[in-house]
$ cat my_file_15.tsv   # TSV, C-alpha atoms
chain	number	residue	atom	x	y	z
A	1	MET	CA	117.60	106.32	214.47
A	2	VAL	CA	120.14	104.41	212.36
A	3	VAL	CA	120.59	100.82	213.46
A	4	GLY	CA	123.51	99.39	211.58
A	5	HIS	CA	121.85	98.81	208.24
A	6	GLU	CA	120.79	101.78	206.23
A	7	GLY	CA	117.12	101.59	205.44
A	8	PHE	CA	116.34	98.93	208.03
A	9	ALA	CA	115.02	101.42	210.60
A	10	GLU	CA	112.49	102.73	208.10
A	11	PHE	CA	111.44	99.18	207.22
A	12	TYR	CA	111.14	98.34	210.92
A	13	ARG	CA	108.94	101.33	211.66
A	14	ALA	CA	106.65	100.57	208.73
A	15	GLU	CA	106.29	96.85	209.37
A	16	LEU	CA	106.50	96.20	213.09
A	17	PRO	CA	102.97	97.26	214.14
A	18	GLY	CA	101.46	94.99	211.48
A	19	LEU	CA	103.72	92.11	212.52
A	20	VAL	CA	102.64	92.48	216.16
A	21	ALA	CA	99.01	92.36	215.02
A	22	LEU	CA	99.71	89.34	212.80
A	23	ALA	CA	101.46	87.49	215.62
A	24	ARG	CA	98.71	88.38	218.05
A	25	ALA	CA	96.08	87.13	215.62
A	26	LEU	CA	97.84	83.78	215.34
A	27	CYS	CA	99.07	83.11	218.85
A	28	GLY	CA	97.47	85.51	221.34
A	29	SER	CA	98.68	88.60	223.09
A	30	LEU	CA	101.24	87.37	225.62
A	31	VAL	CA	104.05	86.65	223.18
A	32	ALA	CA	103.07	88.63	220.08
A	33	ASP	CA	105.62	91.39	220.67
A	34	ASP	CA	108.42	88.86	221.11
A	35	ILE	CA	107.53	86.92	217.99
A	36	ALA	CA	107.27	90.09	215.88
A	37	GLN	CA	110.60	91.26	217.26
A	38	GLU	CA	112.16	87.84	216.58
A	39	ALA	CA	110.99	88.01	212.96
A	40	MET	CA	112.49	91.48	212.67
A	41	LEU	CA	115.73	90.26	214.19
A	42	ALA	CA	115.87	87.52	211.54
A	43	ALA	CA	115.46	90.20	208.86
A	44	TYR	CA	118.04	92.45	210.52
A	45	ARG	CA	120.66	89.70	210.67
A	46	ARG	CA	120.44	89.15	206.91
A	47	TRP	CA	119.28	92.59	205.87
A	48	ALA	CA	121.62	92.82	202.88
A	49	GLU	CA	119.92	89.73	201.44
A	50	VAL	CA	116.36	90.57	202.52
A	51	GLU	CA	116.60	94.14	201.25
A	52	GLY	CA	117.46	92.80	197.80
A	53	LEU	CA	114.31	90.67	197.59
A	54	ASP	CA	111.39	91.77	195.42
A	55	GLN	CA	109.21	92.04	198.50
A	56	PRO	CA	111.13	92.27	201.78
A	57	ARG	CA	107.90	92.80	203.68
A	58	ALA	CA	106.46	89.55	202.32
A	59	TRP	CA	109.56	87.76	203.63
A	60	VAL	CA	109.27	89.19	207.13
A	61	ARG	CA	105.50	88.62	207.26
A	62	ARG	CA	105.98	84.99	206.20
A	63	THR	CA	108.69	84.55	208.81
A	64	CYS	CA	106.48	86.09	211.49
A	65	ALA	CA	103.47	83.97	210.45
A	66	ASN	CA	105.58	80.81	210.60
A	67	MET	CA	107.07	81.69	213.96
A	68	ALA	CA	103.65	82.50	215.41
A	69	ILE	CA	102.26	79.15	214.28
A	70	SER	CA	105.21	77.14	215.52
A	71	SER	CA	104.31	75.74	218.92
A	72	PHE	CA	107.95	75.46	219.85
A	73	ARG	CA	108.81	79.04	218.98
A	74	ARG	CA	105.71	80.17	220.83
A	75	ARG	CA	106.91	78.29	223.85
A	76	MET	CA	110.34	79.88	223.56
A	77	ALA	CA	108.75	83.31	223.33
A	78	GLU	CA	106.65	82.49	226.39
A	79	VAL	CA	109.81	81.68	228.32
A	80	ARG	CA	111.30	85.03	227.35
A	81	ALA	CA	108.06	86.88	227.99
A	82	LEU	CA	107.61	85.36	231.44
A	83	THR	CA	111.10	86.42	232.50
A	84	ARG	CA	110.24	90.05	231.95
A	85	LEU	CA	106.49	90.06	232.21
A	86	SER	CA	106.50	92.31	235.26
A	87	ALA	CA	108.56	94.94	233.45
A	88	ARG	CA	106.28	95.44	230.47
A	89	PRO	CA	102.88	97.07	230.15
A	90	ALA	CA	99.90	94.80	229.55
A	91	PRO	CA	98.83	94.69	225.89
A	92	ALA	CA	95.75	96.71	224.97
A	93	THR	CA	92.59	94.65	225.19
A	94	LEU	CA	90.36	93.89	222.22
A	95	ASP	CA	86.59	94.24	222.17
A	96	GLU	CA	84.66	91.04	222.78
A	97	ASP	CA	83.73	90.43	219.12
A	98	ALA	CA	87.32	90.83	217.92
A	99	GLU	CA	88.65	88.60	220.70
A	100	GLU	CA	86.09	85.93	219.82
A	101	PHE	CA	86.97	86.17	216.13
A	102	TRP	CA	90.72	85.77	216.64
A	103	ALA	CA	90.24	83.02	219.18
A	104	ALA	CA	88.29	81.15	216.48
A	105	VAL	CA	91.07	81.81	213.93
A	106	ARG	CA	93.59	80.28	216.31
A	107	THR	CA	91.64	77.01	216.31
A	108	LEU	CA	91.96	76.65	212.51
A	109	PRO	CA	94.57	74.44	210.84
A	110	ARG	CA	97.91	76.19	210.33
A	111	ARG	CA	97.60	77.34	206.71
A	112	GLN	CA	93.97	78.38	207.05
A	113	ALA	CA	94.85	80.47	210.11
A	114	GLN	CA	97.76	82.11	208.29
A	115	CYS	CA	95.66	82.93	205.23
A	116	ALA	CA	92.84	84.33	207.39
A	117	ALA	CA	95.23	86.43	209.47
A	118	LEU	CA	96.93	87.92	206.40
A	119	ARG	CA	93.54	88.57	204.81
A	120	TYR	CA	92.00	90.33	207.80
A	121	VAL	CA	95.01	92.00	209.43
A	122	TYR	CA	96.56	93.40	206.25
A	123	GLY	CA	93.54	93.23	203.93
A	124	LEU	CA	95.59	91.25	201.41
A	125	GLY	CA	94.02	89.67	198.34
A	126	GLY	CA	94.56	86.08	197.24
A	127	GLY	CA	97.56	86.88	195.04
A	128	GLU	CA	99.35	88.85	197.76
A	129	ILE	CA	98.71	86.14	200.34
A	130	ALA	CA	100.06	83.56	197.90
A	131	ARG	CA	103.25	85.57	197.35
A	132	THR	CA	103.64	86.16	201.07
A	133	LEU	CA	103.30	82.50	202.02
A	134	SER	CA	105.05	81.21	198.88
A	135	ILE	CA	102.10	79.01	197.95
A	136	SER	CA	99.83	79.00	194.90
A	137	GLU	CA	96.90	81.35	194.56
A	138	GLY	CA	94.63	78.36	194.12
A	139	ALA	CA	95.75	76.96	197.44
A	140	VAL	CA	95.01	80.31	199.09
A	141	LYS	CA	91.48	80.26	197.68
A	142	VAL	CA	90.89	76.79	199.07
A	143	HIS	CA	92.35	77.66	202.48
A	144	LEU	CA	90.32	80.87	202.72
A	145	ALA	CA	87.10	79.15	201.69
A	146	ARG	CA	87.61	76.44	204.30
A	147	ALA	CA	88.59	79.03	206.89
A	148	ARG	CA	85.43	81.05	206.22
A	149	ALA	CA	83.25	77.97	206.53
A	150	ALA	CA	84.90	76.89	209.78
A	151	LEU	CA	84.77	80.41	211.23
A	152	ALA	CA	81.12	80.78	210.28
A	153	SER	CA	80.32	77.58	212.10
A	154	ARG	CA	82.33	78.52	215.18
A	155	LEU	CA	81.01	82.07	215.34
A	156	GLY	CA	77.44	81.04	214.57
A	157	VAL	CA	77.07	83.25	211.48
A	158	GLU	CA	76.00	82.54	207.91
A	159	VAL	CA	78.64	81.59	205.36
A	160	GLU	CA	77.14	83.59	202.51
A	161	ARG	CA	75.54	86.99	202.65
B	162	MET	CA	81.40	89.81	201.05
B	163	THR	CA	80.39	87.29	203.70
B	164	GLU	CA	79.41	87.87	207.30
B	165	VAL	CA	82.70	86.29	208.28
B	166	ASP	CA	84.60	88.81	206.10
B	167	ILE	CA	82.83	91.71	207.78
B	168	ARG	CA	83.60	90.33	211.24
B	169	GLY	CA	87.18	89.69	210.12
B	170	GLU	CA	87.77	93.18	208.82
B	171	LEU	CA	86.41	94.73	212.01
B	172	ALA	CA	88.52	92.34	214.10
B	173	GLY	CA	91.61	93.17	212.00
B	174	ALA	CA	91.11	96.89	212.47
B	175	ALA	CA	90.65	96.40	216.22
B	176	LEU	CA	93.83	94.32	216.36
B	177	LEU	CA	95.89	96.96	214.53
B	178	ARG	CA	94.58	99.65	216.90
B	179	ALA	CA	95.55	97.52	219.89
B	180	SER	CA	99.01	96.66	218.53
B	181	GLN	CA	100.71	100.03	218.68
B	182	VAL	CA	104.24	99.62	219.99
B	183	ASP	CA	107.09	101.88	221.05
B	184	LEU	CA	109.16	101.75	217.87
B	185	ASP	CA	112.20	103.58	219.22
B	186	ALA	CA	112.42	101.26	222.22
B	187	GLY	CA	111.93	98.26	219.93
B	188	LEU	CA	114.71	99.35	217.58
B	189	ALA	CA	117.07	99.94	220.46
B	190	HIS	CA	116.22	96.52	221.90
B	191	LEU	CA	116.79	94.86	218.54
B	192	HIS	CA	120.19	96.49	218.21
B	193	ARG	CA	121.11	95.45	221.74
B	194	THR	CA	119.98	91.86	221.17
B	195	ARG	CA	122.06	91.51	218.03
B	196	ARG	CA	125.12	92.99	219.69
B	197	ASN	CA	124.69	90.78	222.76
B	198	ARG	CA	124.34	87.64	220.67
B	199	GLY	CA	127.63	88.52	218.98
B	200	ARG	CA	129.28	88.88	222.37
B	201	ARG	CA	127.69	85.64	223.50
B	202	ARG	CA	129.44	83.80	220.69
B	203	ALA	CA	132.78	85.03	221.98
B	204	GLY	CA	131.73	84.15	225.51
B	205	ALA	CA	130.77	80.65	224.38
B	206	VAL	CA	134.44	79.76	223.94
B	207	VAL	CA	135.19	80.77	227.51
B	208	ALA	CA	132.04	79.05	228.72
B	209	GLY	CA	133.04	75.86	226.87
B	210	VAL	CA	136.32	75.65	228.76
B	211	ALA	CA	134.50	76.32	232.04
B	212	LEU	CA	131.90	73.67	231.20
B	213	LEU	CA	134.59	71.07	230.54
B	214	ALA	CA	136.16	71.76	233.91
B	215	ALA	CA	132.76	71.70	235.61
B	216	THR	CA	131.85	68.41	233.92
B	217	THR	CA	135.02	66.72	235.13
B	218	TRP	CA	134.42	67.97	238.64
B	219	ALA	CA	130.74	67.03	238.63
B	220	TYR	CA	131.40	63.47	237.59
B	221	ARG	CA	134.03	63.00	240.20
B	222	SER	CA	131.39	63.83	242.79
B	223	HIS	CA	128.91	61.48	240.94
B	224	ASP	CA	125.78	61.81	243.11
B	225	GLN	CA	124.42	62.40	246.56
B	226	GLU	CA	124.65	58.74	247.62
B	227	ALA	CA	128.28	58.52	246.62
B	228	ARG	CA	128.96	61.65	248.60
B	229	THR	CA	127.29	60.12	251.63
B	230	ASP	CA	129.26	56.88	251.19
B	231	ARG	CA	132.48	58.83	251.11
B	232	GLY	CA	131.48	60.73	254.21
B	233	ASP	CA	131.29	63.98	252.23
B	234	GLU	CA	128.68	66.60	252.97
B	235	ARG	CA	125.66	66.49	250.70
B	236	VAL	CA	125.51	69.36	248.26
B	237	ALA	CA	122.71	71.88	248.61
B	238	THR	CA	119.40	70.71	247.16
B	239	ALA	CA	118.06	73.01	244.46
B	240	PRO	CA	115.18	72.90	242.00
B	241	ARG	CA	116.07	71.09	238.76
B	242	VAL	CA	114.82	74.01	236.71
B	243	ALA	CA	116.47	77.38	237.21
B	244	PRO	CA	114.54	80.67	237.11
B	245	GLY	CA	113.57	81.48	233.54
B	246	GLU	CA	113.87	77.87	232.40
B	247	THR	CA	110.99	75.65	231.29
B	248	GLU	CA	111.19	71.89	231.63
B	249	ILE	CA	110.28	69.94	228.49
B	250	ASP	CA	110.91	66.43	229.76
B	251	SER	CA	112.89	64.64	232.44
B	252	ASP	CA	113.83	61.13	233.47
B	253	ARG	CA	115.39	59.65	236.59
B	254	SER	CA	117.85	56.78	236.27
B	255	ALA	CA	116.68	53.30	237.35
B	256	SER	CA	119.00	53.51	240.35
B	257	GLY	CA	117.15	56.66	241.40
B	258	THR	CA	120.35	58.65	241.69
B	259	THR	CA	120.61	60.74	238.54
B	260	ASP	CA	118.22	63.10	236.77
B	261	ALA	CA	118.27	64.06	233.12
B	262	VAL	CA	116.31	67.23	232.42
B	263	ALA	CA	115.55	68.77	229.03
B	264	VAL	CA	114.92	72.50	229.36
B	265	LEU	CA	114.31	75.64	227.35
B	266	ARG	CA	115.95	78.81	228.50
B	267	PRO	CA	116.56	82.27	227.09
B	268	GLY	CA	120.02	82.77	225.63
B	269	GLN	CA	121.04	79.17	225.12
B	270	PRO	CA	117.60	77.95	224.32
B	271	ALA	CA	117.52	74.19	224.57
B	272	VAL	CA	119.74	71.89	226.60
B	273	VAL	CA	119.76	68.53	228.35
B	274	ARG	CA	121.38	68.56	231.77
B	275	VAL	CA	122.39	65.55	233.82
B	276	GLY	CA	123.20	65.45	237.49
B	277	ALA	CA	122.65	63.81	240.84
B	278	VAL	CA	119.08	63.91	242.14
B	279	GLY	CA	118.50	67.14	244.02
B	280	SER	CA	122.02	68.32	243.26
B	281	THR	CA	123.22	71.51	241.68
B	282	ASP	CA	126.09	69.50	240.15
B	283	GLN	CA	124.47	69.31	236.75
B	284	HIS	CA	126.25	69.42	233.45
B	285	VAL	CA	125.09	69.74	229.87
B	286	VAL	CA	125.26	66.61	227.72
B	287	TRP	CA	123.44	68.04	224.70
B	288	SER	CA	122.72	71.60	223.61
B	289	ALA	CA	121.10	73.24	220.61
B	290	PRO	CA	123.37	75.23	218.30
B	291	THR	CA	123.47	78.98	218.78
B	292	ALA	CA	121.37	81.26	216.58
B	293	HIS	CA	124.56	82.19	214.71
B	294	GLU	CA	125.40	78.56	214.00
B	295	LEU	CA	121.85	77.79	212.91
B	296	GLY	CA	121.56	80.62	210.42
B	297	ASP	CA	118.24	80.22	208.62
B	298	ARG	CA	117.47	76.77	210.01
B	299	ASN	CA	114.92	76.21	212.73
B	300	LEU	CA	116.06	75.59	216.26
B	301	PRO	CA	116.25	71.96	217.38
B	302	TRP	CA	115.05	71.11	220.87
B	303	PRO	CA	115.14	68.03	223.08
B	304	ALA	CA	111.61	66.65	223.00
B	305	ALA	CA	112.13	63.56	225.18
B	306	VAL	CA	114.84	61.96	227.30
B	307	ALA	CA	115.18	58.44	228.73
B	308	TRP	CA	117.90	56.68	230.69
B	309	ALA	CA	119.00	53.19	229.65
B	310	PRO	CA	118.05	50.58	232.28
B	311	ASP	CA	121.69	50.25	233.34
B	312	GLY	CA	122.11	54.04	233.61
B	313	ASP	CA	125.15	54.06	231.34
B	314	GLU	CA	123.47	55.78	228.41
B	315	LEU	CA	120.95	58.54	227.92
B	316	ALA	CA	118.72	58.66	224.83
B	317	ILE	CA	117.41	61.99	223.58
B	318	VAL	CA	114.79	62.62	220.89
B	319	VAL	CA	115.73	65.89	219.22
B	320	ALA	CA	112.92	67.64	217.33
B	321	GLN	CA	113.44	70.22	214.62
B	322	GLU	CA	110.91	71.90	212.38
B	323	ARG	CA	111.74	71.21	208.75
B	324	GLY	CA	112.78	73.97	206.39
B	325	ARG	CA	114.09	77.44	207.03
B	326	VAL	CA	112.63	79.95	209.47
B	327	SER	CA	111.03	81.80	206.58
B	328	ALA	CA	109.57	78.67	205.00
B	329	THR	CA	108.82	76.24	207.80
B	330	ASP	CA	106.48	73.45	206.81
B	331	ASP	CA	104.07	71.57	209.00
B	332	LEU	CA	106.34	68.71	209.94
B	333	VAL	CA	108.84	68.23	212.72
B	334	GLU	CA	111.75	65.83	212.18
B	335	LEU	CA	112.69	63.59	215.07
B	336	THR	CA	116.30	62.52	215.47
B	337	LEU	CA	117.57	60.04	218.03
B	338	VAL	CA	120.77	60.86	219.88
B	339	THR	CA	122.39	58.68	222.53
B	340	VAL	CA	125.20	59.81	224.81
B	341	GLY	CA	127.11	58.24	227.66
B	342	ALA	CA	126.18	59.34	231.17
B	343	ASP	CA	129.07	61.81	231.06
B	344	GLY	CA	128.08	63.17	227.65
B	345	SER	CA	130.78	61.24	225.80
B	346	GLY	CA	130.33	58.79	222.92
B	347	ARG	CA	127.57	60.65	221.15
B	348	ARG	CA	125.74	58.54	218.60
B	349	ILE	CA	123.26	60.05	216.16
B	350	ASP	CA	120.81	57.70	214.48
B	351	GLY	CA	119.55	60.26	212.00
B	352	VAL	CA	115.91	61.07	211.34
B	353	ILE	CA	113.71	58.34	212.82
B	354	GLY	CA	110.37	59.85	211.86
B	355	THR	CA	108.34	62.99	211.32
B	356	CYS	CA	105.38	64.30	213.24
B	357	ARG	CA	103.32	67.43	213.59
B	358	CYS	CA	103.83	67.29	217.36
B	359	GLY	CA	101.16	69.97	217.70
B	360	GLY	CA	99.59	68.78	220.92
B	361	GLU	CA	101.38	65.73	222.24
B	362	PRO	CA	105.16	65.34	222.37
B	363	PRO	CA	106.90	62.12	221.32
B	364	VAL	CA	107.41	59.51	224.05
B	365	LEU	CA	110.74	57.72	224.38
B	366	SER	CA	111.41	54.47	226.22
B	367	TRP	CA	113.97	51.67	226.31
B	368	SER	CA	112.90	48.12	225.57
B	369	ARG	CA	114.72	44.80	225.77
B	370	ASP	CA	115.91	45.12	222.16
B	371	GLY	CA	116.62	48.82	221.98
B	372	LEU	CA	114.61	51.99	221.94
B	373	GLU	CA	110.99	52.79	221.17
B	374	VAL	CA	109.69	56.19	220.17
B	375	LEU	CA	105.95	56.79	220.15
B	376	VAL	CA	105.36	59.35	217.39
B	377	PRO	CA	102.12	61.10	218.40
B	378	ASP	CA	100.83	62.20	215.00
B	379	GLY	CA	101.81	62.93	211.40
B	380	PRO	CA	102.93	60.57	208.64
B	381	ASP	CA	104.99	58.35	210.96
B	382	GLN	CA	102.38	58.14	213.72
B	383	GLY	CA	102.84	55.06	215.84
B	384	VAL	CA	105.71	53.27	217.51
B	385	ARG	CA	109.16	53.40	215.87
B	386	ARG	CA	111.61	50.76	217.08
B	387	ILE	CA	115.35	51.38	216.95
B	388	PRO	CA	117.32	48.22	217.66
B	389	ARG	CA	120.44	48.34	219.82
$ encode --input "my_file_15.tsv" --output "structure tokens"
Amino acid sequence: MVVGHEGFAEFYRAELPGLVALARALCGSLVADDIAQEAMLAAYRRWAEVEGLDQPRAWVRRTCANMAISSFRRRMAEVRALTRLSARPAPATLDEDAEEFWAAVRTLPRRQAQCAALRYVYGLGGGEIARTLSISEGAVKVHLARARAALASRLGVEVER
Amino acid sequence: MTEVDIRGELAGAALLRASQVDLDAGLAHLHRTRRNRGRRRAGAVVAGVALLAATTWAYRSHDQEARTDRGDERVATAPRVAPGETEIDSDRSASGTTDAVAVLRPGQPAVVRVGAVGSTDQHVVWSAPTAHELGDRNLPWPAAVAWAPDGDELAIVVAQERGRVSATDDLVELTLVTVGADGSGRRIDGVIGTCRCGGEPPVLSWSRDGLEVLVPDGPDQGVRRIPR
């Protein structure tokens, strides 16, 4: 399917499932589809510019991660989701361990949650997370270390193995 | 690798498995949304003219009590929030006759409406810019509303996340806007403080000397006073 911008459809197909997972990791299942779609819409509206970036997927992942963390945007997405909730299938459920893990991630401070979600959804390393969030690699290390410690405490597991 | 990393990788894999979406339907929806938003911009001009006419008419009718005084029939009572809308904040004038309601709604996402209590005669005195007008900036929304004691003015705290949508930082800027009861005479006081506004919204109230905004958290946490 060609949707206005050449190459965008391919980008959309490759990135959307990961964005839905990223949004769901950061804000829960009800509005994840809407937030991922909103991030894609932002990319679509300025595709000529985004396509020219070194890493278009880092841009859209950052946008999605920011939108998912924003309480206001989440609320907006909830409004949209509620208006058509009856018309859409329920999202697939996660197993209990995964649900518990992501619920714990959602209690972390904003940057720690974003770093943890990018690490565990996409399997990104520190450098890639830093480029995605436009922060330093050192800051990512600190955020991930703090996130691990907080998650270990909340999940009742050991920090080091 | 830590125990947390192992749990995280398993949880990530489970999340990706559970996040399969209909890509063709999503692409079609995206295309439709973009096209519709373009049409909406054109429609906004027509809607603006209609809104102006509606505003004039609504303020001639003023409120339910005035209608009763004139011997007019009371207009039908309707909920303040329409289907699909979410109320953020509201305030009733000291006279008890007029409501101001800040709402989120799909399409035109954030507005403040003013009208007689229980009336459908409501008109918009503040609205967020459209997505097209905003470009890369984050959407502002009305976080708090408060009527002046004399009911002649309405104060609105407008909140907007700083930065662009792709690089939003943690802080929300709060701007104070005051408008006349009919939406005229808009006065913008600029940024009055920043907050994280993660859990609690700002609280707005009028005092003897002006306005007070309780900033719930962040670098400007506390009460900000804006003299009038």
$ atom_distance --input "my_file_15.tsv" --atom1 "atom CA of Glu322 of chain B" --atom2 "atom CA of Asp297 of chain B"
11.7 Å
$ atom_distance --input "my_file_15.tsv" --atom1 "atom CA of Leu144 of chain A" --atom2 "atom CA of Ala174 of chain B"
18.8 Å
$ residues_around --input "my_file_15.tsv" --residues "segment 370-383 of chain B" --least-positions-apart "6" --cutoff "10 Å" --atoms "only C-alpha atoms" --output "list of chain:residue names"
B:Ala305, B:Ala307, B:Ala309, B:Ala316, B:Val318, B:Asp331, B:Leu332, B:Val333, B:Leu335, B:Leu337, B:Ile353, B:Gly354, B:Thr355, B:Cys356, B:Arg357, B:Cys358, B:Gly359, B:Gly360, B:Glu361, B:Pro362, B:Pro363, B:Val364, B:Arg389
$ residues_around --input "my_file_15.tsv" --residues "Arg111 of chain A" --least-positions-apart "3" --cutoff "12 Å" --atoms "all atoms listed in the file" --output "ChimeraX atom specification"
/A:26,62,65-66,68-70,105-108,114-118,129-130,133-135,139-147 /B:329-331
$ write_last_selection --input "my_file_15.tsv" --atoms "C-alpha atoms" --output "PDB file, in the frame of the given file"
ATOM      1  CA  LEU A  26      97.840  83.780 215.340  1.00  0.00           C
ATOM      2  CA  ARG A  62     105.980  84.990 206.200  1.00  0.00           C
ATOM      3  CA  ALA A  65     103.470  83.970 210.450  1.00  0.00           C
ATOM      4  CA  ASN A  66     105.580  80.810 210.600  1.00  0.00           C
ATOM      5  CA  ALA A  68     103.650  82.500 215.410  1.00  0.00           C
ATOM      6  CA  ILE A  69     102.260  79.150 214.280  1.00  0.00           C
ATOM      7  CA  SER A  70     105.210  77.140 215.520  1.00  0.00           C
ATOM      8  CA  VAL A 105      91.070  81.810 213.930  1.00  0.00           C
ATOM      9  CA  ARG A 106      93.590  80.280 216.310  1.00  0.00           C
ATOM     10  CA  THR A 107      91.640  77.010 216.310  1.00  0.00           C
ATOM     11  CA  LEU A 108      91.960  76.650 212.510  1.00  0.00           C
ATOM     12  CA  GLN A 114      97.760  82.110 208.290  1.00  0.00           C
ATOM     13  CA  CYS A 115      95.660  82.930 205.230  1.00  0.00           C
ATOM     14  CA  ALA A 116      92.840  84.330 207.390  1.00  0.00           C
ATOM     15  CA  ALA A 117      95.230  86.430 209.470  1.00  0.00           C
ATOM     16  CA  LEU A 118      96.930  87.920 206.400  1.00  0.00           C
ATOM     17  CA  ILE A 129      98.710  86.140 200.340  1.00  0.00           C
ATOM     18  CA  ALA A 130     100.060  83.560 197.900  1.00  0.00           C
ATOM     19  CA  LEU A 133     103.300  82.500 202.020  1.00  0.00           C
ATOM     20  CA  SER A 134     105.050  81.210 198.880  1.00  0.00           C
ATOM     21  CA  ILE A 135     102.100  79.010 197.950  1.00  0.00           C
ATOM     22  CA  ALA A 139      95.750  76.960 197.440  1.00  0.00           C
ATOM     23  CA  VAL A 140      95.010  80.310 199.090  1.00  0.00           C
ATOM     24  CA  LYS A 141      91.480  80.260 197.680  1.00  0.00           C
ATOM     25  CA  VAL A 142      90.890  76.790 199.070  1.00  0.00           C
ATOM     26  CA  HIS A 143      92.350  77.660 202.480  1.00  0.00           C
ATOM     27  CA  LEU A 144      90.320  80.870 202.720  1.00  0.00           C
ATOM     28  CA  ALA A 145      87.100  79.150 201.690  1.00  0.00           C
ATOM     29  CA  ARG A 146      87.610  76.440 204.300  1.00  0.00           C
ATOM     30  CA  ALA A 147      88.590  79.030 206.890  1.00  0.00           C
TER      31      ALA A 147
ATOM     32  CA  THR B 329     108.820  76.240 207.800  1.00  0.00           C
ATOM     33  CA  ASP B 330     106.480  73.450 206.810  1.00  0.00           C
ATOM     34  CA  ASP B 331     104.070  71.570 209.000  1.00  0.00           C
TER      35      ASP B 331
END
$ atom_distance --input "my_file_15.tsv" --atom1 "atom CA of Gly173 of chain B" --atom2 "atom CA of Ala36 of chain A"
16.4 Å
$ closest_residue --input "my_file_15.tsv" --among "A:Cys27, A:Ala39, A:Val157, A:Ala150" --to "Ala103 of chain A" --atoms "only C-alpha atoms"
A:Cys27
$ closest_residue --input "my_file_15.tsv" --among "A:Ala98, A:Gln55, A:Arg61, A:Met67" --to "Asn299 of chain B" --atoms "all atoms listed in the file"
A:Met67
$ closest_residue --input "my_file_15.tsv" --among "B:Arg168, B:Arg266, B:Arg178, B:Arg386" --to "Ser366 of chain B" --atoms "only C-alpha atoms"
B:Arg386
$ residues_near_point --input "my_file_15.tsv" --point "(111.1, 72.0, 220.2)" --cutoff "7 Å" --atoms "all atoms listed in the file" --output "JSON list (two decimals) with C-alpha atoms, in the coordinates of the input"
[["chain", "number", "residue", "atom", "x", "y", "z"],
["A", 72, "PHE", "CA", 107.95, 75.46, 219.85],
["B", 301, "PRO", "CA", 116.25, 71.96, 217.38],
["B", 302, "TRP", "CA", 115.05, 71.11, 220.87],
["B", 303, "PRO", "CA", 115.14, 68.03, 223.08],
["B", 304, "ALA", "CA", 111.61, 66.65, 223.00],
["B", 320, "ALA", "CA", 112.92, 67.64, 217.33],
["B", 321, "GLN", "CA", 113.44, 70.22, 214.62]]
$ closest_residue --input "my_file_15.tsv" --among "B:Ala289, B:Ala261, B:Val340, B:Leu300" --to "chain A" --atoms "only C-alpha atoms"
B:Leu300
$ closest_residue --input "my_file_15.tsv" --among "B:Gly351, B:Gly276, B:Gly312, B:Gly296" --to "chain A" --atoms "all atoms listed in the file"
B:Gly296
$ closest_residue --input "my_file_15.tsv" --among "A:Gly126, A:Arg57, A:Glu158, A:Ser153" --to "Arg13 of chain A" --atoms "all atoms listed in the file"
A:Arg57
$ residues_around --input "my_file_15.tsv" --residues "Gly344 of chain B" --least-positions-apart "3" --cutoff "8 Å" --atoms "all atoms listed in the file" --output "CSV table (one decimal) with C-alpha atoms, in the coordinates of the input"
chain,number,residue,atom,x,y,z
B,285,VAL,CA,125.1,69.7,229.9
B,286,VAL,CA,125.3,66.6,227.7
B,287,TRP,CA,123.4,68.0,224.7
B,340,VAL,CA,125.2,59.8,224.8
B,341,GLY,CA,127.1,58.2,227.7
B,347,ARG,CA,127.6,60.6,221.2
$ residues_near_point --input "my_file_15.tsv" --point "(107.5, 91.7, 213.6)" --cutoff "8 Å" --atoms "only C-alpha atoms" --output "ChimeraX atom specification"
/A:15-20,23,33,35-40,60-61,64
$ write_last_selection --input "my_file_15.tsv" --atoms "C-alpha atoms" --output "mmCIF file, keeping the file's coordinate frame"
data_model
loop_
_atom_site.group_PDB
_atom_site.id
_atom_site.type_symbol
_atom_site.label_atom_id
_atom_site.label_comp_id
_atom_site.auth_asym_id
_atom_site.auth_seq_id
_atom_site.Cartn_x
_atom_site.Cartn_y
_atom_site.Cartn_z
ATOM 1 C CA GLU A 15 106.290 96.850 209.370
ATOM 2 C CA LEU A 16 106.500 96.200 213.090
ATOM 3 C CA PRO A 17 102.970 97.260 214.140
ATOM 4 C CA GLY A 18 101.460 94.990 211.480
ATOM 5 C CA LEU A 19 103.720 92.110 212.520
ATOM 6 C CA VAL A 20 102.640 92.480 216.160
ATOM 7 C CA ALA A 23 101.460 87.490 215.620
ATOM 8 C CA ASP A 33 105.620 91.390 220.670
ATOM 9 C CA ILE A 35 107.530 86.920 217.990
ATOM 10 C CA ALA A 36 107.270 90.090 215.880
ATOM 11 C CA GLN A 37 110.600 91.260 217.260
ATOM 12 C CA GLU A 38 112.160 87.840 216.580
ATOM 13 C CA ALA A 39 110.990 88.010 212.960
ATOM 14 C CA MET A 40 112.490 91.480 212.670
ATOM 15 C CA VAL A 60 109.270 89.190 207.130
ATOM 16 C CA ARG A 61 105.500 88.620 207.260
ATOM 17 C CA CYS A 64 106.480 86.090 211.490
#
$ decode --input "my_file_15.tsv" --residues "segment 361-371 of chain B" --atoms "C-alpha atoms" --output "mmCIF file, in the first residue's frame"
data_model
loop_
_atom_site.group_PDB
_atom_site.id
_atom_site.type_symbol
_atom_site.label_atom_id
_atom_site.label_comp_id
_atom_site.auth_asym_id
_atom_site.auth_seq_id
_atom_site.Cartn_x
_atom_site.Cartn_y
_atom_site.Cartn_z
ATOM 1 C CA GLU B 361 -2.029 16.907 40.997
ATOM 2 C CA PRO B 362 -3.189 19.708 38.696
ATOM 3 C CA PRO B 363 -2.577 23.377 39.522
ATOM 4 C CA VAL B 364 -5.280 25.117 41.560
ATOM 5 C CA LEU B 365 -6.467 28.589 40.592
ATOM 6 C CA SER B 366 -8.348 31.055 42.779
ATOM 7 C CA TRP B 367 -9.070 34.768 42.989
ATOM 8 C CA SER B 368 -7.975 36.734 46.032
ATOM 9 C CA ARG B 369 -8.590 40.307 47.131
ATOM 10 C CA ASP B 370 -5.462 41.512 45.318
ATOM 11 C CA GLY B 371 -5.570 39.367 42.221
#
